[in-house]
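Chemist: Provided herewith: upload-v5.csv, CSV, C-alpha atoms and all ligand atoms.
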chain,number,residue,atom,x,y,z
A,1,MET,CA,-111.3,-94.4,54.7
A,2,ILE,CA,-108.6,-91.8,54.4
A,3,ALA,CA,-109.7,-88.4,55.7
A,4,LEU,CA,-108.7,-85.8,53.2
A,5,PRO,CA,-108.0,-82.2,54.4
A,6,ILE,CA,-111.0,-79.9,53.9
A,7,SER,CA,-109.2,-77.7,51.3
A,8,ILE,CA,-108.5,-80.8,49.1
A,9,GLN,CA,-112.1,-81.9,49.4
A,10,MET,CA,-113.2,-78.5,48.3
A,11,ARG,CA,-110.8,-78.6,45.4
A,12,ILE,CA,-112.2,-82.0,44.3
A,13,LEU,CA,-115.8,-80.7,44.7
A,14,TRP,CA,-115.0,-77.7,42.6
A,15,THR,CA,-113.2,-79.8,39.9
A,16,LEU,CA,-116.3,-82.1,39.8
A,17,ALA,CA,-118.6,-79.2,39.4
A,18,MET,CA,-116.6,-77.6,36.6
A,19,GLY,CA,-116.3,-81.0,35.0
A,20,THR,CA,-120.1,-81.3,34.9
A,21,VAL,CA,-120.3,-77.9,33.4
A,22,PHE,CA,-117.7,-78.8,30.8
A,23,VAL,CA,-119.6,-82.0,29.8
A,24,LEU,CA,-122.8,-80.0,29.5
A,25,LEU,CA,-121.1,-77.4,27.3
A,26,VAL,CA,-119.6,-80.0,25.1
A,27,GLN,CA,-122.9,-81.8,24.8
A,28,TYR,CA,-124.6,-78.5,23.9
A,29,GLN,CA,-122.0,-77.3,21.5
A,30,SER,CA,-122.0,-80.7,19.6
A,31,SER,CA,-125.8,-81.1,19.7
A,32,ASN,CA,-126.3,-79.0,16.5
A,33,VAL,CA,-129.4,-77.6,18.1
A,34,TRP,CA,-130.0,-74.3,16.3
A,35,PRO,CA,-126.4,-73.9,15.4
A,36,GLN,CA,-126.8,-70.8,13.3
A,37,GLN,CA,-128.4,-68.9,16.2
A,38,GLN,CA,-125.8,-69.4,18.9
A,39,SER,CA,-124.0,-66.1,18.3
A,40,GLN,CA,-127.2,-64.1,17.9
A,41,LEU,CA,-128.6,-65.4,21.1
A,42,SER,CA,-125.6,-64.8,23.3
A,43,ASN,CA,-126.8,-61.5,24.6
A,44,ARG,CA,-130.5,-62.2,24.5
A,45,LEU,CA,-130.9,-64.8,27.3
A,46,ASP,CA,-133.9,-64.9,29.5
A,47,PRO,CA,-132.6,-63.0,32.6
A,48,VAL,CA,-134.7,-65.2,34.9
A,49,ALA,CA,-133.1,-68.4,33.6
A,50,GLU,CA,-129.8,-66.7,34.0
A,51,ASP,CA,-130.6,-65.8,37.6
A,52,LEU,CA,-131.6,-69.3,38.4
A,53,VAL,CA,-128.4,-70.7,37.1
A,54,SER,CA,-126.4,-68.0,38.9
A,55,LEU,CA,-128.0,-69.0,42.1
A,56,ALA,CA,-127.2,-72.7,41.4
A,57,LEU,CA,-123.6,-71.8,40.7
A,58,SER,CA,-123.3,-69.6,43.8
A,59,LYS,CA,-123.9,-72.8,45.8
A,60,VAL,CA,-120.8,-74.3,44.4
A,61,VAL,CA,-118.0,-74.2,47.0
A,62,ILE,CA,-114.9,-72.4,45.8
A,63,ASP,CA,-111.5,-72.8,47.5
A,64,ASP,CA,-110.1,-69.6,49.0
A,65,ASP,CA,-107.1,-69.5,46.7
A,66,MET,CA,-109.1,-70.1,43.5
A,67,THR,CA,-110.3,-67.0,41.8
A,68,LEU,CA,-112.6,-66.7,38.8
A,69,SER,CA,-113.3,-63.5,37.0
A,70,LYS,CA,-116.9,-62.3,37.0
A,71,GLU,CA,-116.7,-62.5,33.2
A,72,VAL,CA,-115.9,-66.2,33.2
A,73,LEU,CA,-118.7,-67.0,35.6
A,74,LEU,CA,-121.2,-65.0,33.6
A,75,GLY,CA,-120.1,-66.8,30.5
A,76,ILE,CA,-120.6,-70.2,32.1
A,77,THR,CA,-123.9,-69.1,33.5
A,78,ARG,CA,-125.2,-68.0,30.1
A,79,GLN,CA,-124.1,-71.3,28.5
A,80,ILE,CA,-125.8,-73.4,31.2
A,81,ALA,CA,-128.9,-71.2,31.1
A,82,ARG,CA,-129.0,-71.8,27.3
A,83,TYR,CA,-128.5,-75.5,27.9
A,84,VAL,CA,-131.3,-75.7,30.5
A,85,VAL,CA,-133.8,-73.8,28.4
A,86,TYR,CA,-133.0,-75.4,25.0
A,87,SER,CA,-132.3,-78.9,25.9
A,88,SER,CA,-135.0,-81.1,24.8
A,89,GLY,CA,-136.0,-84.8,24.9
A,90,CYS,CA,-137.6,-84.5,21.5
A,91,ASN,CA,-135.9,-84.1,18.1
A,92,VAL,CA,-136.7,-80.5,17.4
A,93,SER,CA,-135.2,-79.0,14.4
A,94,PRO,CA,-135.9,-75.9,12.5
A,95,VAL,CA,-137.7,-76.4,9.2
A,96,ASN,CA,-135.3,-75.8,6.3
A,97,GLY,CA,-134.6,-72.2,5.8
A,98,SER,CA,-136.8,-71.0,8.6
A,99,PRO,CA,-135.7,-67.8,10.2
A,100,SER,CA,-134.5,-67.6,13.8
A,101,PRO,CA,-137.1,-68.9,16.3
A,102,SER,CA,-139.8,-66.4,16.8
A,103,THR,CA,-141.9,-65.2,19.7
A,104,ILE,CA,-144.6,-67.5,21.1
A,105,TYR,CA,-147.7,-65.6,22.1
A,106,ILE,CA,-149.2,-67.5,25.0
A,107,ILE,CA,-152.8,-66.7,25.4
A,108,THR,CA,-154.1,-67.3,29.0
A,109,PRO,CA,-157.7,-66.6,30.0
A,110,THR,CA,-158.1,-66.1,33.7
A,111,TYR,CA,-160.8,-65.0,36.2
A,112,ARG,CA,-161.0,-64.2,39.9
A,113,ARG,CA,-161.5,-67.2,42.2
A,114,PRO,CA,-159.8,-68.6,45.3
A,115,GLU,CA,-157.3,-70.6,43.2
A,116,GLN,CA,-156.4,-67.9,40.6
A,117,ILE,CA,-153.2,-66.5,42.1
A,118,ALA,CA,-151.9,-69.9,43.0
A,119,ASP,CA,-152.5,-71.2,39.5
A,120,LEU,CA,-151.0,-68.2,37.8
A,121,THR,CA,-148.0,-68.3,40.0
A,122,ARG,CA,-147.3,-71.9,39.2
A,123,MET,CA,-147.8,-71.3,35.5
A,124,ALA,CA,-145.5,-68.2,35.6
A,125,GLN,CA,-142.7,-70.1,37.3
A,126,THR,CA,-142.8,-72.5,34.3
A,127,LEU,CA,-142.9,-69.7,31.7
A,128,MET,CA,-139.9,-68.0,33.5
A,129,LEU,CA,-137.8,-70.8,32.1
A,130,VAL,CA,-138.9,-70.3,28.5
A,131,ARG,CA,-137.3,-67.7,26.2
A,132,ASP,CA,-138.9,-65.5,23.5
A,133,ILE,CA,-142.4,-65.5,24.8
A,134,HIS,CA,-145.1,-62.9,25.2
A,135,TRP,CA,-147.7,-63.7,27.7
A,136,LEU,CA,-151.2,-62.4,26.9
A,137,VAL,CA,-153.1,-62.6,30.1
A,138,VAL,CA,-156.8,-61.9,29.5
A,139,GLU,CA,-159.1,-61.4,32.5
A,140,ASP,CA,-162.7,-62.3,32.3
A,141,SER,CA,-163.7,-59.0,33.9
A,142,GLU,CA,-164.7,-55.5,33.1
A,143,ALA,CA,-161.6,-54.0,34.7
A,144,LYS,CA,-158.0,-55.0,35.3
A,145,SER,CA,-157.2,-56.3,38.8
A,146,GLN,CA,-154.5,-54.2,40.4
A,147,LEU,CA,-153.2,-57.3,42.3
A,148,LEU,CA,-152.9,-59.3,39.2
A,149,SER,CA,-151.2,-56.5,37.4
A,150,SER,CA,-148.5,-56.2,40.1
A,151,LEU,CA,-148.1,-60.0,40.2
A,152,LEU,CA,-147.5,-60.1,36.4
A,153,HIS,CA,-144.9,-57.3,36.7
A,154,SER,CA,-143.1,-59.3,39.4
A,155,PHE,CA,-142.3,-62.3,37.2
A,156,GLY,CA,-140.2,-60.4,34.7
A,157,ILE,CA,-141.9,-62.1,31.8
A,158,ARG,CA,-142.9,-60.0,28.8
A,159,PHE,CA,-146.6,-59.7,29.1
A,160,THR,CA,-149.7,-57.8,28.1
A,161,HIS,CA,-152.6,-57.6,30.5
A,162,LEU,CA,-156.0,-57.4,28.8
A,163,THR,CA,-159.7,-57.8,29.8
A,164,ALA,CA,-162.7,-59.3,28.1
A,165,PRO,CA,-165.7,-60.2,30.2
A,166,MET,CA,-167.9,-63.2,29.2
A,167,PRO,CA,-171.1,-61.7,27.6
A,168,LYS,CA,-173.9,-61.5,30.1
A,169,ARG,CA,-176.2,-63.8,28.2
A,170,TYR,CA,-173.8,-66.7,28.6
A,171,LYS,CA,-173.0,-65.9,32.3
A,172,THR,CA,-176.7,-66.3,33.2
A,173,THR,CA,-177.5,-69.4,31.2
A,174,LYS,CA,-177.7,-72.7,33.0
A,175,GLY,CA,-175.3,-75.6,32.1
A,176,ALA,CA,-172.0,-75.5,30.3
A,177,LYS,CA,-170.6,-72.1,29.7
A,178,PRO,CA,-168.2,-70.9,26.9
A,179,LYS,CA,-165.3,-70.5,29.4
A,180,GLY,CA,-162.5,-68.3,28.3
A,181,VAL,CA,-163.9,-67.6,24.8
A,182,ALA,CA,-164.3,-63.9,25.1
A,183,ASN,CA,-160.7,-63.8,26.6
A,184,ARG,CA,-159.2,-65.8,23.8
A,185,ASN,CA,-161.0,-63.8,21.0
A,186,ARG,CA,-159.7,-60.6,22.7
A,187,ALA,CA,-156.1,-61.9,22.5
A,188,LEU,CA,-156.7,-62.9,18.9
A,189,SER,CA,-157.6,-59.4,18.0
A,190,TRP,CA,-154.6,-58.1,19.9
A,191,ILE,CA,-152.3,-60.4,17.9
A,192,ARG,CA,-154.0,-59.2,14.7
A,193,GLU,CA,-153.1,-55.6,15.6
A,194,ASN,CA,-149.7,-56.2,17.0
A,195,ALA,CA,-147.9,-59.1,15.5
A,196,ASN,CA,-146.8,-60.3,12.0
A,197,ASP,CA,-145.0,-63.4,12.8
A,198,GLY,CA,-144.4,-65.8,15.6
A,199,ILE,CA,-146.7,-68.5,17.0
A,200,MET,CA,-149.9,-68.4,19.1
A,201,TYR,CA,-150.8,-70.9,21.7
A,202,PHE,CA,-153.9,-71.2,24.0
A,203,ALA,CA,-152.6,-72.0,27.5
A,204,ASP,CA,-155.2,-72.1,30.3
A,205,ASP,CA,-154.1,-71.0,33.7
A,206,ASP,CA,-154.6,-74.3,35.5
A,207,ASN,CA,-152.8,-76.7,33.1
A,208,THR,CA,-149.3,-78.2,33.6
A,209,TYR,CA,-146.6,-77.4,31.1
A,210,ASP,CA,-143.3,-79.0,30.4
A,211,VAL,CA,-140.9,-76.3,29.3
A,212,ARG,CA,-139.8,-78.5,26.4
A,213,LEU,CA,-143.3,-78.0,24.9
A,214,PHE,CA,-142.5,-74.5,23.8
A,215,ASN,CA,-139.5,-75.6,21.7
A,216,GLU,CA,-141.9,-78.1,20.0
A,217,MET,CA,-144.3,-75.4,18.8
A,218,ARG,CA,-141.6,-72.8,17.9
A,219,TYR,CA,-141.2,-73.8,14.3
A,220,THR,CA,-144.9,-74.2,13.4
A,221,GLN,CA,-145.6,-73.4,9.8
A,222,LYS,CA,-149.4,-73.6,9.9
A,223,VAL,CA,-150.9,-75.6,12.7
A,224,SER,CA,-149.0,-78.1,14.9
A,225,MET,CA,-150.4,-80.6,17.3
A,226,TRP,CA,-149.2,-83.0,20.1
A,227,PRO,CA,-150.7,-85.2,22.8
A,228,VAL,CA,-152.3,-83.7,25.9
A,229,GLY,CA,-152.4,-85.8,29.1
A,230,LEU,CA,-155.9,-85.7,30.8
A,231,CYS,CA,-156.8,-86.7,34.3
A,232,THR,CA,-160.0,-88.4,33.0
A,233,LYS,CA,-161.0,-92.0,32.2
A,234,THR,CA,-159.8,-91.5,28.6
A,235,GLY,CA,-156.5,-90.2,30.0
A,236,LEU,CA,-155.4,-88.7,26.7
A,237,SER,CA,-156.3,-86.4,23.8
A,238,THR,CA,-154.0,-86.8,20.8
A,239,PRO,CA,-153.7,-87.2,17.1
A,240,ILE,CA,-153.4,-90.9,16.2
A,241,VAL,CA,-150.2,-91.5,14.3
A,242,GLU,CA,-149.4,-94.6,12.2
A,243,ASN,CA,-146.2,-94.9,10.3
A,244,GLY,CA,-145.6,-91.2,10.8
A,245,ASN,CA,-149.0,-90.2,9.4
A,246,LEU,CA,-152.1,-88.8,11.0
A,247,VAL,CA,-154.8,-91.3,10.8
A,248,GLY,CA,-157.4,-90.0,13.3
A,249,PHE,CA,-157.9,-88.5,16.7
A,250,TYR,CA,-158.0,-90.1,20.2
A,251,ASP,CA,-160.2,-88.2,22.6
A,252,GLY,CA,-163.0,-89.0,25.1
A,253,TRP,CA,-165.4,-86.9,23.2
A,254,ILE,CA,-165.5,-87.0,19.4
A,255,ALA,CA,-169.1,-85.6,19.0
A,256,GLY,CA,-168.8,-85.2,15.2
A,257,ARG,CA,-166.0,-82.8,15.6
A,258,LYS,CA,-163.6,-82.4,12.6
A,259,PHE,CA,-160.8,-81.5,15.0
A,260,PRO,CA,-161.5,-83.4,18.3
A,261,VAL,CA,-158.6,-82.0,20.2
A,262,ASP,CA,-157.9,-80.3,23.5
A,263,MET,CA,-157.3,-76.6,23.8
A,264,ALA,CA,-153.7,-77.2,25.0
A,265,GLY,CA,-152.9,-79.6,22.1
A,266,PHE,CA,-152.2,-77.2,19.2
A,267,ALA,CA,-150.4,-74.0,18.2
A,268,VAL,CA,-150.9,-71.8,15.1
A,269,SER,CA,-148.5,-69.7,13.1
A,270,VAL,CA,-149.3,-66.0,13.4
A,271,LYS,CA,-148.7,-65.5,9.7
A,272,PHE,CA,-151.2,-68.3,8.9
A,273,LEU,CA,-153.7,-66.7,11.3
A,274,GLN,CA,-153.2,-63.2,9.7
A,275,GLU,CA,-154.1,-64.7,6.4
A,276,ARG,CA,-157.4,-65.8,7.9
A,277,PRO,CA,-159.0,-62.5,9.2
A,278,HIS,CA,-162.2,-64.2,10.1
A,279,ALA,CA,-160.7,-66.9,12.4
A,280,ARG,CA,-162.2,-66.8,15.8
A,281,MET,CA,-163.5,-69.0,18.6
A,282,PRO,CA,-167.3,-69.7,18.8
A,283,TYR,CA,-169.3,-69.3,22.0
A,284,LYS,CA,-170.2,-73.0,21.8
A,285,PRO,CA,-169.3,-75.1,24.9
A,286,GLY,CA,-167.5,-78.3,23.9
A,287,PHE,CA,-166.9,-77.0,20.4
A,288,GLU,CA,-164.5,-74.1,21.0
A,289,GLU,CA,-161.3,-75.9,19.7
A,290,ASP,CA,-163.2,-77.4,16.7
A,291,GLY,CA,-164.9,-74.2,15.9
A,292,PHE,CA,-161.7,-72.2,16.0
A,293,LEU,CA,-159.7,-74.7,13.9
A,294,ARG,CA,-162.5,-74.9,11.3
A,295,SER,CA,-162.5,-71.1,11.1
A,296,LEU,CA,-158.9,-71.4,9.9
A,297,SER,CA,-160.3,-72.8,6.6
A,298,PRO,CA,-158.8,-73.5,4.1
A,299,PHE,CA,-157.1,-75.9,6.5
A,300,GLU,CA,-157.4,-79.7,6.5
A,301,PRO,CA,-156.3,-82.4,9.1
A,302,ARG,CA,-153.7,-83.7,6.6
A,303,GLU,CA,-151.8,-80.4,6.9
A,304,ILE,CA,-151.3,-80.8,10.7
A,305,GLU,CA,-147.7,-80.8,11.7
A,306,LEU,CA,-147.1,-83.6,14.3
A,307,LYS,CA,-144.8,-82.7,17.2
A,308,ALA,CA,-143.5,-84.3,20.3
A,309,ASP,CA,-141.6,-87.0,18.4
A,310,ASN,CA,-144.6,-88.0,16.2
A,311,CYS,CA,-147.0,-87.6,19.2
A,312,THR,CA,-145.2,-90.1,21.4
A,313,LYS,CA,-144.5,-87.7,24.3
A,314,ILE,CA,-146.7,-85.9,26.7
A,315,LEU,CA,-145.5,-82.4,27.4
A,316,VAL,CA,-148.7,-80.8,28.6
A,317,TRP,CA,-151.4,-81.9,31.0
A,318,HIS,CA,-154.9,-80.6,31.2
A,319,THR,CA,-154.9,-80.5,34.9
A,320,GLN,CA,-157.7,-78.9,37.0
A,321,THR,CA,-157.3,-77.3,40.3
A,322,LYS,CA,-160.0,-78.3,42.7
A,323,LYS,CA,-162.7,-75.6,43.1
A,324,ASN,CA,-162.9,-74.0,46.5
A,325,GLU,CA,-165.3,-71.8,48.3
A,326,PRO,CA,-164.1,-68.2,49.0
A,327,SER,CA,-162.5,-67.8,52.4
A,328,SER,CA,-164.6,-66.3,55.3
A,329,ARG,CA,-164.4,-62.7,56.2
A,330,VAL,CA,-161.8,-61.6,58.6
A,331,ASP,CA,-162.5,-59.8,61.9
A,332,VAL,CA,-161.2,-56.4,61.0
A,333,VAL,CA,-161.4,-55.2,64.6
A,334,LYS,CA,-159.5,-58.1,66.1
A,335,TYR,CA,-156.8,-58.0,63.4
A,336,LYS,CA,-156.6,-54.2,63.1
A,337,ASN,CA,-153.0,-53.0,62.5
A,338,THR,CA,-151.7,-56.5,61.7
A,339,ASN,CA,-150.4,-58.3,58.6
A,340,ILE,CA,-153.7,-60.3,58.4
A,341,ILE,CA,-155.5,-57.3,56.9
A,342,ASP,CA,-153.0,-56.9,54.1
A,343,LEU,CA,-152.8,-60.7,53.5
A,344,LYS,CA,-156.5,-61.0,53.2
A,345,ARG,CA,-156.5,-58.5,50.3
A,346,ILE,CA,-154.6,-61.2,48.2
A,347,ILE,CA,-157.0,-64.0,49.2
A,348,VAL,CA,-160.4,-64.5,47.6
B,1,LIG,N1,-162.2,-69.0,32.6
B,1,LIG,C1,-162.6,-67.7,32.5
B,1,LIG,N2,-163.9,-67.4,32.9
B,1,LIG,C2,-164.7,-68.4,33.5
B,1,LIG,C3,-164.3,-69.7,33.5
B,1,LIG,C4,-163.0,-70.0,33.1
B,1,LIG,O1,-161.9,-66.8,32.0
B,1,LIG,O2,-165.9,-68.0,33.9
B,1,LIG,C5,-160.8,-69.3,32.1
B,1,LIG,C6,-160.0,-70.2,33.1
B,1,LIG,O3,-159.2,-69.3,33.9
B,1,LIG,C7,-159.1,-71.1,32.2
B,1,LIG,C8,-160.0,-71.2,30.9
B,1,LIG,O4,-161.0,-70.2,30.9
B,1,LIG,O5,-157.9,-70.4,31.8
B,1,LIG,C9,-160.8,-72.6,30.9
B,1,LIG,O6,-161.5,-72.7,32.1
B,1,LIG,P1,-161.4,-74.0,33.1
B,1,LIG,O7,-160.0,-74.2,33.4
B,1,LIG,O8,-162.4,-73.8,34.2
B,1,LIG,O9,-162.0,-75.1,32.1
B,1,LIG,P2,-161.7,-76.6,32.0
B,1,LIG,O10,-160.3,-76.9,32.5
B,1,LIG,O11,-162.7,-77.2,32.9
B,1,LIG,O12,-161.9,-76.9,30.6
B,2,MN,MN,-158.8,-75.8,33.1
As structure tokens, please, write out the structure in this file.
Modeler:
Amino acid sequence: MIALPISIQMRILWTLAMGTVFVLLVQYQSSNVWPQQQSQLSNRLDPVAEDLVSLALSKVVIDDDMTLSKEVLLGITRQIARYVVYSSGCNVSPVNGSPSPSTIYIITPTYRRPEQIADLTRMAQTLMLVRDIHWLVVEDSEAKSQLLSSLLHSFGIRFTHLTAPMPKRYKTTKGAKPKGVANRNRALSWIRENANDGIMYFADDDNTYDVRLFNEMRYTQKVSMWPVGLCTKTGLSTPIVENGNLVGFYDGWIAGRKFPVDMAGFAVSVKFLQERPHARMPYKPGFEEDGFLRSLSPFEPREIELKADNCTKILVWHTQTKKNEPSSRVDVVKYKNTNIIDLKRIIV
């Protein structure tokens, strides 16, 4: 092995890094993904994605005598950020004549429990990689949590923090509860009052989302659907597709449902929703999705837009975080004037 001087090694490293960037850019430029939007988008990148890529680039070693203007670096950063956020394993293409991709309203019911902040943090870190979203976080509570509010601010994602407690009569009943229904209906009425176009998607706080999922749903005309990975015996909830056509539904629990699908498995165009002022989710455990989709009538299964490459890819998982008991009280005398007191305020 010939030992090369350090400065030459650096130069090679730098050349390799720039080469990679170049290949990515060429791939992106020639990919024809949303060609008409490139110029419009150049100044509207998700700042968080930009930060992530900046950070990655700052790790690249630059030789002392090589100088790059800030402008050039910023340009490269933006291009890569766009590549990272838009690149997709699926064949996503705008429907003919559809306008530029619009906002996705992500509806997330949530409630106070030991896992809440961890779940929401994980979810937010995913959403930070997705552009043009508006996160509607709806607490099952009478009042907004201050802690949650500052957490939401810290992510830099466009969001609206709402509350909608589960009606008392359901809280006290034994057996299955209509979880997250009041929250989702609250978000639906917010959308009715505040949005005319875009897409809405019900995204629970404990699921696992592939960032590419959001590109799939972005061009929904009426209602789009895709497979959801489950961690159950059935393993899967998805439309069944044969020769490109919907022929039924695969789900562990059909139960006479017209739309036997998972909450995470569909998105609806806001325009379509606005034309159906009575659409809402019923307080009926097990039938929330079916009830909501039926309330979009007139709407039939044959009108479903199949996504994720004709439902051959899994881009969302209905994961569940293990339920935990609240932590025990802390000895306020023993830990007086220490960080433990502050930290315990975050913990349930
Ligand atoms: N949820 C809620 N209040 C509750 C129980 C659940 O707001 O009393 C929310 C929860 O944060 C989640 C959604 O409703 O976003 C569905 O609840 P969960 O994840 O427990 O349901 P599962 O995954 O078991 O269907
Ligand atoms: Mn869940």
Chemist: Neighbours of ligand LIG 1 (chain B) at 8 Å or closer, counting all atoms listed in the file: which residues, as a VMD selection string?
Modeler: chain A and resid 108 to 111 116 138 to 140 165 to 166 171 177 to 183 203 to 207 318 to 320
Chemist: Could you write those residues out with C-alpha atoms, as a compact mmCIF listing (two decimals), in the coordinates of the input?
Modeler:
# COMPACT_ATOMS: atom_id res chain seq x y z
CA THR A 108 -154.10 -67.30 29.00
CA PRO A 109 -157.70 -66.60 30.00
CA THR A 110 -158.10 -66.10 33.70
CA TYR A 111 -160.80 -65.00 36.20
CA GLN A 116 -156.40 -67.90 40.60
CA VAL A 138 -156.80 -61.90 29.50
CA GLU A 139 -159.10 -61.40 32.50
CA ASP A 140 -162.70 -62.30 32.30
CA PRO A 165 -165.70 -60.20 30.20
CA MET A 166 -167.90 -63.20 29.20
CA LYS A 171 -173.00 -65.90 32.30
CA LYS A 177 -170.60 -72.10 29.70
CA PRO A 178 -168.20 -70.90 26.90
CA LYS A 179 -165.30 -70.50 29.40
CA GLY A 180 -162.50 -68.30 28.30
CA VAL A 181 -163.90 -67.60 24.80
CA ALA A 182 -164.30 -63.90 25.10
CA ASN A 183 -160.70 -63.80 26.60
CA ALA A 203 -152.60 -72.00 27.50
CA ASP A 204 -155.20 -72.10 30.30
CA ASP A 205 -154.10 -71.00 33.70
CA ASP A 206 -154.60 -74.30 35.50
CA ASN A 207 -152.80 -76.70 33.10
CA HIS A 318 -154.90 -80.60 31.20
CA THR A 319 -154.90 -80.50 34.90
CA GLN A 320 -157.70 -78.90 37.00
Chemist: Could you give me, as a PDB file with C-alpha atoms, keeping the file's coordinate frame, the residues that sit within 9 Å of (-143.8, -83.0, 15.6) in the file's coordinates, counting all atoms listed in the file?
Modeler:
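Final output, result08.pdb:
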ATOM      1  CA  CYS A  90    -137.600 -84.500  21.500  1.00  0.00           C
ATOM      2  CA  ASN A  91    -135.900 -84.100  18.100  1.00  0.00           C
ATOM      3  CA  VAL A  92    -136.700 -80.500  17.400  1.00  0.00           C
ATOM      4  CA  GLU A 216    -141.900 -78.100  20.000  1.00  0.00           C
ATOM      5  CA  MET A 217    -144.300 -75.400  18.800  1.00  0.00           C
ATOM      6  CA  SER A 224    -149.000 -78.100  14.900  1.00  0.00           C
ATOM      7  CA  MET A 225    -150.400 -80.600  17.300  1.00  0.00           C
ATOM      8  CA  TRP A 226    -149.200 -83.000  20.100  1.00  0.00           C
ATOM      9  CA  GLU A 305    -147.700 -80.800  11.700  1.00  0.00           C
ATOM     10  CA  LEU A 306    -147.100 -83.600  14.300  1.00  0.00           C
ATOM     11  CA  LYS A 307    -144.800 -82.700  17.200  1.00  0.00           C
ATOM     12  CA  ALA A 308    -143.500 -84.300  20.300  1.00  0.00           C
ATOM     13  CA  ASP A 309    -141.600 -87.000  18.400  1.00  0.00           C
ATOM     14  CA  ASN A 310    -144.600 -88.000  16.200  1.00  0.00           C
ATOM     15  CA  CYS A 311    -147.000 -87.600  19.200  1.00  0.00           C
TER      16      CYS A 311
END
Chemist: Need to verify the contact set: stretch 233-235 of chain A, 10 Å, all atoms listed in the file, exclusion of same-chain residues closer than 5 positions in sequence. Can you return it as a PDB file with C-alpha atoms, keeping the file's coordinate frame?
Modeler:
ATOM      1  CA  VAL A 228    -152.300 -83.700  25.900  1.00  0.00           C
ATOM      2  CA  TYR A 250    -158.000 -90.100  20.200  1.00  0.00           C
ATOM      3  CA  ASP A 251    -160.200 -88.200  22.600  1.00  0.00           C
ATOM      4  CA  GLY A 252    -163.000 -89.000  25.100  1.00  0.00           C
ATOM      5  CA  TRP A 253    -165.400 -86.900  23.200  1.00  0.00           C
ATOM      6  CA  TRP A 317    -151.400 -81.900  31.000  1.00  0.00           C
ATOM      7  CA  HIS A 318    -154.900 -80.600  31.200  1.00  0.00           C
TER       8      HIS A 318
END
Chemist: Work out how far apart atom CA of A:Arg158 and atom CA of A:His134 are and give it in Å to one decimal.
Modeler: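 The value is 5.1 Å.
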Chemist: Using all atoms listed in the file, which protein or nucleic acid residues come within 10 Å of A:Pro277? Drop anything in the same chain fewer than 2 positions from it, and give the result as a VMD selection string.
Modeler: chain A and resid 188 to 189 192 272 to 275 279 to 280 295 to 296
Chemist: Could you state the separation of atom CA of A:Phe214 and atom CA of A:Val130 in Å, given to one decimal place?
Modeler: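 Straight-line distance from atom CA of A:Phe214 to atom CA of A:Val130 works out to 7.3 Å.
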Chemist: In Å, how far is it from atom CA of A:Gln221 to atom CA of A:His161?
Modeler: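 A separation of 27.0 Å between them.
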Chemist: Give the answer as one residue: which of A:Ser154, A:Asn215, A:Thr321, A:Thr163 has the shortest atom-to-atom distance to ligand MN 2 (chain B), using only C-alpha atoms and all ligand atoms?
Modeler: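 Using only C-alpha atoms and all ligand atoms, ligand MN 2 (chain B) sits closest to A:Thr321.
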Chemist: Every residue with an atom at most 10 Å from (-171.0, -75.3, 23.3) (file coordinates; all atoms listed in the file) is what I'm after, so could you write them as a list in words?
Modeler: Gly175, Ala176, Lys177, Pro178, Lys179, Pro282, Tyr283, Lys284, Pro285, Gly286, Phe287, Glu288 and Gly291 of chain A
Chemist: Missing atoms in stretch 312-318 of chain A: fill them in up to N, CA, C and O atoms and send the result as a PDB file, in the coordinates of the input.
Modeler:
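Resulting contents of out.pdb:
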ATOM      1  N   THR A 312    -145.479 -88.995  20.443  1.00  0.00           N
ATOM      2  CA  THR A 312    -145.200 -90.100  21.400  1.00  0.00           C
ATOM      3  C   THR A 312    -144.888 -89.590  22.775  1.00  0.00           C
ATOM      4  O   THR A 312    -144.652 -90.372  23.684  1.00  0.00           O
ATOM      5  N   LYS A 313    -144.842 -88.255  22.945  1.00  0.00           N
ATOM      6  CA  LYS A 313    -144.500 -87.700  24.300  1.00  0.00           C
ATOM      7  C   LYS A 313    -145.611 -86.816  24.789  1.00  0.00           C
ATOM      8  O   LYS A 313    -146.317 -86.170  24.018  1.00  0.00           O
ATOM      9  N   ILE A 314    -145.749 -86.800  26.102  1.00  0.00           N
ATOM     10  CA  ILE A 314    -146.700 -85.900  26.700  1.00  0.00           C
ATOM     11  C   ILE A 314    -145.992 -84.759  27.394  1.00  0.00           C
ATOM     12  O   ILE A 314    -145.254 -84.972  28.347  1.00  0.00           O
ATOM     13  N   LEU A 315    -146.166 -83.558  26.850  1.00  0.00           N
ATOM     14  CA  LEU A 315    -145.500 -82.400  27.400  1.00  0.00           C
ATOM     15  C   LEU A 315    -146.407 -81.366  27.958  1.00  0.00           C
ATOM     16  O   LEU A 315    -145.991 -80.281  28.360  1.00  0.00           O
ATOM     17  N   VAL A 316    -147.700 -81.692  27.964  1.00  0.00           N
ATOM     18  CA  VAL A 316    -148.700 -80.800  28.600  1.00  0.00           C
ATOM     19  C   VAL A 316    -149.816 -81.623  29.155  1.00  0.00           C
ATOM     20  O   VAL A 316    -150.219 -82.634  28.567  1.00  0.00           O
ATOM     21  N   TRP A 317    -150.291 -81.191  30.306  1.00  0.00           N
ATOM     22  CA  TRP A 317    -151.400 -81.900  31.000  1.00  0.00           C
ATOM     23  C   TRP A 317    -152.547 -80.961  31.220  1.00  0.00           C
ATOM     24  O   TRP A 317    -152.350 -79.845  31.715  1.00  0.00           O
ATOM     25  N   HIS A 318    -153.740 -81.438  30.867  1.00  0.00           N
ATOM     26  CA  HIS A 318    -154.900 -80.600  31.200  1.00  0.00           C
ATOM     27  C   HIS A 318    -155.352 -80.941  32.612  1.00  0.00           C
ATOM     28  O   HIS A 318    -156.260 -81.710  32.864  1.00  0.00           O
TER      29      HIS A 318
END
